[in-house]
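In what follows, a single structure is set out as structure tokens and then discussed.
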Amino acid sequence: MKNVFALVEHRQDKIRDISYELLTKGQELATLYGGELTALLLGNELTKFIDSLKPYAHRIMIVEDAKLKDFNAESYQIVLSNILKQEQDFLLLMGHTASGMDLGASLSVELGASIATDCTGIEIENDNIIAIRQMYEGKLLAKVNLNIKAKSIITIREGSFPPQVSNLSAKVLDFTSPLTAEPSYRRFVEYIEAPLGEVDITKSDIIIGIGRGIKEKENLLLVEELAKTIGGIVGCSRPIVDAGWLPKDRQVGSSGKTVKPKLYIAIGISGAFQHISGMKGAETIIAINKDPNAPIFSEADYGIVDDLFKVVPILKNKLTAMKA
Ligand SMILES: Cc1cc2nc3c(=O)[nH]c(=O)nc-3n(C[C@H](O)[C@H](O)[C@H](O)COP(=O)(O)OP(=O)(O)OC[C@H]3O[C@@H](n4cnc5c(N)ncnc54)[C@H](O)[C@@H]3O)c2cc1C
């Protein structure tokens with residue numbers, strides 16, 4: 001593998017955070033092998049994105065076409081396969097996002113490339129790229145060997161590599177779009193924004209995340225009191241929303257909100273990756289769980305292994321006393 005490619009994701013005129021994560025990791029891998037990192041940027045009216053991408057890559061390959069204005073896996077596949085079939089071997093990094101999931105498998109078949117999906121880490125060992133994937137909700141890590149001298153695609157779970165701006169100054173290259181017609185079997189219809197809820201948890205500096213450990217809806221009061229004491233907002237894991245105990249706009253995770261508060265207190269939450277992906281960007285994470293092996297403790301800065309019904313009232317009383 002000499003060259004690494006990273007697919008830049010953008011939506012409604014904004015580059016998505018995952019793109020910077022892919023570029024950060026991609027640069028590290030390319031440097032390791034004396035190759036170059038190319039950011040692949042497909043779309044329409046792309047000039048506005050170039051300055052923010054330049055420091056992250058050696059090259060930015062641009063494919064401008066009005067037919068690429070909104071993501072469409074069919075069109076993207078045609079363009080990417082045209083670019084990559086010219087390469088002997090390569091590593092393509094894509095987000096394990098709605099778009100990446102839509103595109104990755106079918107592109108790998110067309111290119112005859114190996115693919116490892118939903119990865120949270122990449123290591124290089126001798127002649128292998130080792131892609132790391134979680135199994136059984138994060139209880140096991142699987143290492144997938146991809147031959148470094150072959151064509152490989154890895155889709156990366158959001159939040160896996162903290163983005164770090166570099167001091168590169170990418171060369172901008174144009175690639176002529178091979179698209180001759182609109183996509184034949186799928187088309188973009190419209191973006192539908194999620195309705196705004198009564199509370200926007202993404203704006204809060206302190207979030208108390210509550211999970212199934214709370215057991216009954218009535219017990220939420222306990223957590224709401226704690227939140228009030230420290231000026232926070234109550235968020236939750238998905239089972240709490242599924243049970244109808246809190247509205248959907250309080251759900252944190254891959255199918256809920258992504259939050260980056262100063263403090264996230266996870267109470268009675270096991271730490272499934274779908275939850276973690278939504279809150280791992282918090283500055284400080286405190287977990288309260290009676291199971292010492294709960295995966296949430298791997299993400300937490302501080303952990304309390306005990307019964308939440310014992311810990312939360314003590315915490316609330318201490319904080320109230322401190323405030324007084
Ligand atoms: C496609 C898909 C998308 C998903 N999206 C999301 C998402 O966006 N957000 C999300 O959260 N989940 C999501 N999930 C669900 C996710 O896989 C988990 O099932 C969920 O996060 C588990 O929630 P939990 O931690 O509250 O419950 P559990 O996994 O049941 O954990 C409860 C925890 O409470 C602890 N506990 C129990 N009693 C006490 C007590 N008295 N004191 C202290 N601790 C106690 C237990 O030890 C346990 O660790 C998704 C799943 C799928 C398949």
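By convention here, the chains of the structure tokens are called A, B, ... in the order presented, each chain's residues are numbered starting at 1, and ligands are numbered starting at 1 in the order presented.
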
Grab me every residue within 7 Å of ligand 1, counting only C-alpha atoms and all ligand atoms, and send it over as a PyMOL selection string.
chain A and resi 137+210-214+236-240+251-256+267-275+278+288-291+294+306-309

How about saving the chosen residues, N, CA and C atoms kept, as an mmCIF file, in the first residue's frame?
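Resulting contents of out_15.cif:
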```cif
data_model
loop_
_atom_site.group_PDB
_atom_site.id
_atom_site.type_symbol
_atom_site.label_atom_id
_atom_site.label_comp_id
_atom_site.auth_asym_id
_atom_site.auth_seq_id
_atom_site.Cartn_x
_atom_site.Cartn_y
_atom_site.Cartn_z
ATOM 1 N N GLU A 137 -21.527 -5.967 21.342
ATOM 2 C CA GLU A 137 -21.733 -4.670 21.998
ATOM 3 C C GLU A 137 -20.497 -4.198 22.753
ATOM 4 N N ILE A 210 -29.328 8.826 31.681
ATOM 5 C CA ILE A 210 -29.911 7.756 32.484
ATOM 6 C C ILE A 210 -30.247 6.558 31.601
ATOM 7 N N GLY A 211 -30.045 5.364 32.157
ATOM 8 C CA GLY A 211 -30.280 4.152 31.380
ATOM 9 C C GLY A 211 -31.250 3.213 32.075
ATOM 10 N N ARG A 212 -31.308 2.007 31.537
ATOM 11 C CA ARG A 212 -32.291 1.024 31.995
ATOM 12 C C ARG A 212 -32.140 0.687 33.474
ATOM 13 N N GLY A 213 -30.946 0.991 34.047
ATOM 14 C CA GLY A 213 -30.741 0.740 35.473
ATOM 15 C C GLY A 213 -31.717 1.499 36.360
ATOM 16 N N ILE A 214 -32.390 2.501 35.822
ATOM 17 C CA ILE A 214 -33.327 3.301 36.622
ATOM 18 C C ILE A 214 -34.616 2.522 36.942
ATOM 19 N N CYS A 236 -30.685 10.393 27.925
ATOM 20 C CA CYS A 236 -30.933 8.981 28.240
ATOM 21 C C CYS A 236 -30.444 8.043 27.143
ATOM 22 N N SER A 237 -30.459 6.758 27.487
ATOM 23 C CA SER A 237 -30.159 5.725 26.491
ATOM 24 C C SER A 237 -31.466 5.383 25.763
ATOM 25 N N ARG A 238 -31.321 4.603 24.713
ATOM 26 C CA ARG A 238 -32.492 4.343 23.873
ATOM 27 C C ARG A 238 -33.645 3.584 24.560
ATOM 28 N N PRO A 239 -33.349 2.581 25.426
ATOM 29 C CA PRO A 239 -34.478 1.867 26.046
ATOM 30 C C PRO A 239 -35.425 2.790 26.815
ATOM 31 N N ILE A 240 -34.893 3.895 27.325
ATOM 32 C CA ILE A 240 -35.736 4.833 28.091
ATOM 33 C C ILE A 240 -36.727 5.525 27.144
ATOM 34 N N GLN A 251 -32.580 11.342 23.654
ATOM 35 C CA GLN A 251 -31.746 10.145 23.442
ATOM 36 C C GLN A 251 -30.354 10.494 22.933
ATOM 37 N N VAL A 252 -29.360 9.917 23.606
ATOM 38 C CA VAL A 252 -27.967 10.115 23.217
ATOM 39 C C VAL A 252 -27.488 8.847 22.501
ATOM 40 N N GLY A 253 -26.834 9.011 21.372
ATOM 41 C CA GLY A 253 -26.285 7.833 20.710
ATOM 42 C C GLY A 253 -26.408 7.880 19.209
ATOM 43 N N SER A 254 -26.046 6.748 18.604
ATOM 44 C CA SER A 254 -25.948 6.721 17.138
ATOM 45 C C SER A 254 -27.278 6.994 16.459
ATOM 46 N N SER A 255 -28.389 6.597 17.089
ATOM 47 C CA SER A 255 -29.674 6.923 16.465
ATOM 48 C C SER A 255 -30.370 8.041 17.247
ATOM 49 N N GLY A 256 -29.602 8.701 18.116
ATOM 50 C CA GLY A 256 -30.125 9.866 18.847
ATOM 51 C C GLY A 256 -29.209 11.052 18.612
ATOM 52 N N ILE A 267 -25.630 7.173 34.290
ATOM 53 C CA ILE A 267 -26.166 6.455 35.463
ATOM 54 C C ILE A 267 -26.996 5.253 35.002
ATOM 55 N N GLY A 268 -26.581 4.068 35.424
ATOM 56 C CA GLY A 268 -27.325 2.854 35.049
ATOM 57 C C GLY A 268 -27.338 2.634 33.550
ATOM 58 N N ILE A 269 -26.240 3.000 32.902
ATOM 59 C CA ILE A 269 -26.080 2.800 31.446
ATOM 60 C C ILE A 269 -24.931 1.819 31.239
ATOM 61 N N SER A 270 -25.143 0.773 30.441
ATOM 62 C CA SER A 270 -24.105 -0.260 30.303
ATOM 63 C C SER A 270 -22.925 0.208 29.459
ATOM 64 N N GLY A 271 -23.209 1.035 28.423
ATOM 65 C CA GLY A 271 -22.121 1.520 27.570
ATOM 66 C C GLY A 271 -22.056 0.797 26.237
ATOM 67 N N ALA A 272 -23.219 0.475 25.680
ATOM 68 C CA ALA A 272 -23.253 -0.110 24.323
ATOM 69 C C ALA A 272 -22.655 0.907 23.352
ATOM 70 N N PHE A 273 -22.004 0.406 22.278
ATOM 71 C CA PHE A 273 -21.306 1.345 21.392
ATOM 72 C C PHE A 273 -22.255 2.362 20.788
ATOM 73 N N GLN A 274 -23.522 1.963 20.589
ATOM 74 C CA GLN A 274 -24.460 2.938 20.004
ATOM 75 C C GLN A 274 -24.657 4.122 20.947
ATOM 76 N N HIS A 275 -24.544 3.890 22.243
ATOM 77 C CA HIS A 275 -24.658 4.992 23.202
ATOM 78 C C HIS A 275 -23.346 5.774 23.258
ATOM 79 N N GLY A 278 -22.397 8.534 20.891
ATOM 80 C CA GLY A 278 -23.049 9.830 21.018
ATOM 81 C C GLY A 278 -22.514 10.693 22.144
ATOM 82 N N ILE A 288 -21.820 5.669 36.815
ATOM 83 C CA ILE A 288 -22.298 4.995 38.034
ATOM 84 C C ILE A 288 -23.013 3.727 37.575
ATOM 85 N N ASN A 289 -22.475 2.588 37.987
ATOM 86 C CA ASN A 289 -23.056 1.322 37.548
ATOM 87 C C ASN A 289 -22.695 0.258 38.569
ATOM 88 N N LYS A 290 -23.632 -0.632 38.849
ATOM 89 C CA LYS A 290 -23.315 -1.633 39.878
ATOM 90 C C LYS A 290 -22.486 -2.802 39.324
ATOM 91 N N ASP A 291 -22.370 -2.862 37.987
ATOM 92 C CA ASP A 291 -21.575 -3.935 37.382
ATOM 93 C C ASP A 291 -20.157 -3.430 37.065
ATOM 94 N N ALA A 294 -19.070 -3.361 33.381
ATOM 95 C CA ALA A 294 -19.870 -2.650 32.362
ATOM 96 C C ALA A 294 -18.922 -1.884 31.434
ATOM 97 N N ASP A 306 -21.480 0.893 42.177
ATOM 98 C CA ASP A 306 -22.429 0.747 43.284
ATOM 99 C C ASP A 306 -23.842 0.907 42.750
ATOM 100 N N ASP A 307 -24.791 0.717 43.673
ATOM 101 C CA ASP A 307 -26.206 0.849 43.326
ATOM 102 C C ASP A 307 -26.559 2.333 43.166
ATOM 103 N N LEU A 308 -27.114 2.661 42.024
ATOM 104 C CA LEU A 308 -27.418 4.070 41.768
ATOM 105 C C LEU A 308 -28.415 4.637 42.778
ATOM 106 N N PHE A 309 -29.298 3.759 43.280
ATOM 107 C CA PHE A 309 -30.305 4.258 44.224
ATOM 108 C C PHE A 309 -29.669 4.642 45.566
#
```

Shell of 6 Å around Asp118 (chain A), only C-alpha atoms, local chain residues under 5 positions omitted, as a ChimeraX atom specification:
/A:96,155-157

Between CA of Gly121 (chain A) and CA of Val109 (chain A), distance in Å (one decimal)
22.8 Å

For the interface of region 78-147 of chain A with region 174-190 of chain A (cut-off 10 Å, counting only C-alpha atoms), please tabulate each contacting residue of region 78-147 of chain A alongside its nearest pair of atoms and their separation in Å to one decimal, rows sorted by chain and increasing number, as JSON lines.
```
{"residue": "A:Ile78", "atom": "CA", "partner": "A:Leu179", "partner_atom": "CA", "distance": 7.3}
{"residue": "A:Val79", "atom": "CA", "partner": "A:Pro178", "partner_atom": "CA", "distance": 6.2}
{"residue": "A:Leu80", "atom": "CA", "partner": "A:Pro178", "partner_atom": "CA", "distance": 9.7}
{"residue": "A:Asn82", "atom": "CA", "partner": "A:Pro178", "partner_atom": "CA", "distance": 7.4}
{"residue": "A:Ile83", "atom": "CA", "partner": "A:Phe175", "partner_atom": "CA", "distance": 8.0}
```

Kindly save the residues from that selection, with all heavy atoms included, as a PDB file, in the first residue's frame.
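Heads up, here's the output in again_20.pdb:
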```
ATOM      1  N   ILE A  78     -19.896   5.019  -9.133  1.00  0.00           N
ATOM      2  CA  ILE A  78     -19.356   5.142 -10.505  1.00  0.00           C
ATOM      3  C   ILE A  78     -18.091   6.009 -10.477  1.00  0.00           C
ATOM      4  O   ILE A  78     -17.048   5.655 -11.036  1.00  0.00           O
ATOM      5  CB  ILE A  78     -20.420   5.752 -11.459  1.00  0.00           C
ATOM      6  CG1 ILE A  78     -21.602   4.787 -11.588  1.00  0.00           C
ATOM      7  CG2 ILE A  78     -19.819   6.058 -12.829  1.00  0.00           C
ATOM      8  CD1 ILE A  78     -22.809   5.357 -12.308  1.00  0.00           C
ATOM      9  N   VAL A  79     -18.164   7.132  -9.765  1.00  0.00           N
ATOM     10  CA  VAL A  79     -17.017   8.051  -9.740  1.00  0.00           C
ATOM     11  C   VAL A  79     -15.826   7.412  -9.024  1.00  0.00           C
ATOM     12  O   VAL A  79     -14.696   7.392  -9.552  1.00  0.00           O
ATOM     13  CB  VAL A  79     -17.404   9.378  -9.051  1.00  0.00           C
ATOM     14  CG1 VAL A  79     -16.191  10.285  -8.935  1.00  0.00           C
ATOM     15  CG2 VAL A  79     -18.534  10.073  -9.798  1.00  0.00           C
ATOM     16  N   LEU A  80     -16.078   6.863  -7.840  1.00  0.00           N
ATOM     17  CA  LEU A  80     -14.958   6.318  -7.057  1.00  0.00           C
ATOM     18  C   LEU A  80     -14.308   5.125  -7.746  1.00  0.00           C
ATOM     19  O   LEU A  80     -13.090   4.960  -7.720  1.00  0.00           O
ATOM     20  CB  LEU A  80     -15.433   5.931  -5.654  1.00  0.00           C
ATOM     21  CG  LEU A  80     -15.841   7.115  -4.767  1.00  0.00           C
ATOM     22  CD1 LEU A  80     -16.455   6.634  -3.465  1.00  0.00           C
ATOM     23  CD2 LEU A  80     -14.645   8.018  -4.480  1.00  0.00           C
ATOM     24  N   ASN A  82     -14.080   4.670 -10.886  1.00  0.00           N
ATOM     25  CA  ASN A  82     -13.259   5.212 -11.983  1.00  0.00           C
ATOM     26  C   ASN A  82     -11.923   5.747 -11.480  1.00  0.00           C
ATOM     27  O   ASN A  82     -10.897   5.598 -12.137  1.00  0.00           O
ATOM     28  CB  ASN A  82     -14.020   6.328 -12.701  1.00  0.00           C
ATOM     29  CG  ASN A  82     -14.799   5.782 -13.877  1.00  0.00           C
ATOM     30  OD1 ASN A  82     -14.252   5.611 -14.956  1.00  0.00           O
ATOM     31  ND2 ASN A  82     -16.057   5.454 -13.650  1.00  0.00           N
ATOM     32  N   ILE A  83     -11.940   6.384 -10.326  1.00  0.00           N
ATOM     33  CA  ILE A  83     -10.682   6.908  -9.767  1.00  0.00           C
ATOM     34  C   ILE A  83      -9.790   5.761  -9.300  1.00  0.00           C
ATOM     35  O   ILE A  83      -8.605   5.697  -9.624  1.00  0.00           O
ATOM     36  CB  ILE A  83     -10.969   7.857  -8.577  1.00  0.00           C
ATOM     37  CG1 ILE A  83     -11.742   9.096  -9.042  1.00  0.00           C
ATOM     38  CG2 ILE A  83      -9.678   8.253  -7.856  1.00  0.00           C
ATOM     39  CD1 ILE A  83     -12.231   9.991  -7.908  1.00  0.00           C
TER      40      ILE A  83
END
```

Option closest in space to Arg16 (chain A), from A:Glu158, A:Asn44, A:Leu93, A:Ala30 [counting only C-alpha atoms]:
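Closest to Arg16 (chain A), using only C-alpha atoms: A:Glu158.
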
Report as a ChimeraX atom specification all protein, DNA and RNA residues lying within 8 Å of region 147-154 of chain A, evaluated on only C-alpha atoms, omitting residues in the same chain fewer than 6 positions from it.
/A:1,88-94,104,108,111-119,127-129,131

Just want the 10 Å neighbourhood of Ile233 (chain A), counted on only C-alpha atoms, with same-chain residues fewer than 3 positions away dropped. Output as a VMD selection string.
chain A and resid 199 to 209 223 to 224 226 to 228 230 250 264

Counting only C-alpha atoms, what is within 7 Å of region 51-55 of chain A, bar same-chain residues fewer than 6 positions away, as an NGL selection string?
:A and (165-170)

Can you spit out the residues from that selection as a PDB file, in the first residue's frame, using N, CA and C atoms?
```
ATOM      1  N   VAL A 165      -5.502  18.809  13.333  1.00  0.00           N
ATOM      2  CA  VAL A 165      -5.134  19.547  12.140  1.00  0.00           C
ATOM      3  C   VAL A 165      -3.625  19.426  11.928  1.00  0.00           C
ATOM      4  N   SER A 166      -3.218  19.268  10.667  1.00  0.00           N
ATOM      5  CA  SER A 166      -1.800  19.117  10.350  1.00  0.00           C
ATOM      6  C   SER A 166      -1.322  20.387   9.638  1.00  0.00           C
ATOM      7  N   ASN A 167      -0.063  20.372   9.200  1.00  0.00           N
ATOM      8  CA  ASN A 167       0.437  21.579   8.529  1.00  0.00           C
ATOM      9  C   ASN A 167       0.714  21.329   7.050  1.00  0.00           C
ATOM     10  N   LEU A 168      -0.041  20.391   6.480  1.00  0.00           N
ATOM     11  CA  LEU A 168       0.134  20.110   5.050  1.00  0.00           C
ATOM     12  C   LEU A 168      -0.522  21.223   4.230  1.00  0.00           C
ATOM     13  N   SER A 169      -0.242  21.216   2.958  1.00  0.00           N
ATOM     14  CA  SER A 169      -0.897  22.180   2.076  1.00  0.00           C
ATOM     15  C   SER A 169      -1.209  21.441   0.782  1.00  0.00           C
ATOM     16  N   ALA A 170      -2.378  20.812   0.783  1.00  0.00           N
ATOM     17  CA  ALA A 170      -2.707  19.853  -0.284  1.00  0.00           C
ATOM     18  C   ALA A 170      -2.686  20.473  -1.675  1.00  0.00           C
TER      19      ALA A 170
END
```

Could you give me, as number ranges by chain, the residues within 7 Å of Lys171 (chain A), counting only C-alpha atoms and dropping anything in the same chain fewer than 3 positions from it?
A: 58-60

Distance in Å - CA of His10 (chain A) versus CA of Gly35 (chain A)
25.2 Å

Quote the spacing between CA of Val4 (chain A) and CA of Phe71 (chain A) in Å to one decimal place.
21.8 Å

List every residue of region 60-273 of chain A that DSSP, applied to the backbone of this structure, assigns to strand (DSSP E), and report them as number ranges by chain.
A: 60-64, 90-95, 114-125, 128-135, 140-147, 151-156, 171-174, 206-210, 233-236, 263-267

Run DSSP on the backbone and grab whatever in region 9-258 of chain A lands in helix (DSSP H, G or I); send it over as a VMD selection string.
chain A and resid 17 to 32 47 to 56 66 to 68 73 to 84 98 to 111 201 to 203 212 to 214 217 to 230 238 to 242 248 to 250

Please determine, counting only C-alpha atoms, which residue among A:Pro313, A:Ile265, A:Lys260, A:Lys69 has the shortest atom-to-atom distance to Ala282 (chain A).
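Looking only at the distances to Ala282 (chain A), the closest residue turns out to be A:Lys260.
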
Give me, as a VMD selection string, all polymer residues having an atom no more than 7 Å from Leu41 (chain A), counting only C-alpha atoms and skipping those fewer than 3 positions away in the same chain.
chain A and resid 7 to 8 60 to 63

Go ahead and write the selection's residues with N, CA, C and O atoms as a CSV table (one decimal), in the first residue's frame.
```
chain,number,residue,atom,x,y,z
A,7,LEU,N,-12.6,9.5,1.9
A,7,LEU,CA,-13.7,10.1,1.3
A,7,LEU,C,-14.3,11.2,2.2
A,7,LEU,O,-14.7,10.9,3.3
A,8,VAL,N,-14.3,12.4,1.7
A,8,VAL,CA,-14.8,13.5,2.4
A,8,VAL,C,-16.4,13.5,2.4
A,8,VAL,O,-16.9,13.4,1.3
A,60,ILE,N,-5.9,16.9,-2.8
A,60,ILE,CA,-7.4,16.9,-2.7
A,60,ILE,C,-7.8,16.6,-4.2
A,60,ILE,O,-7.5,17.4,-5.1
A,61,MET,N,-8.5,15.5,-4.4
A,61,MET,CA,-9.0,15.2,-5.7
A,61,MET,C,-10.5,15.6,-5.8
A,61,MET,O,-11.3,15.1,-5.0
A,62,ILE,N,-10.8,16.5,-6.7
A,62,ILE,CA,-12.1,17.1,-6.8
A,62,ILE,C,-12.9,16.6,-8.0
A,62,ILE,O,-12.3,16.6,-9.1
A,63,VAL,N,-14.1,16.2,-7.7
A,63,VAL,CA,-14.9,15.8,-8.9
A,63,VAL,C,-16.2,16.7,-8.8
A,63,VAL,O,-17.1,16.5,-8.0
```
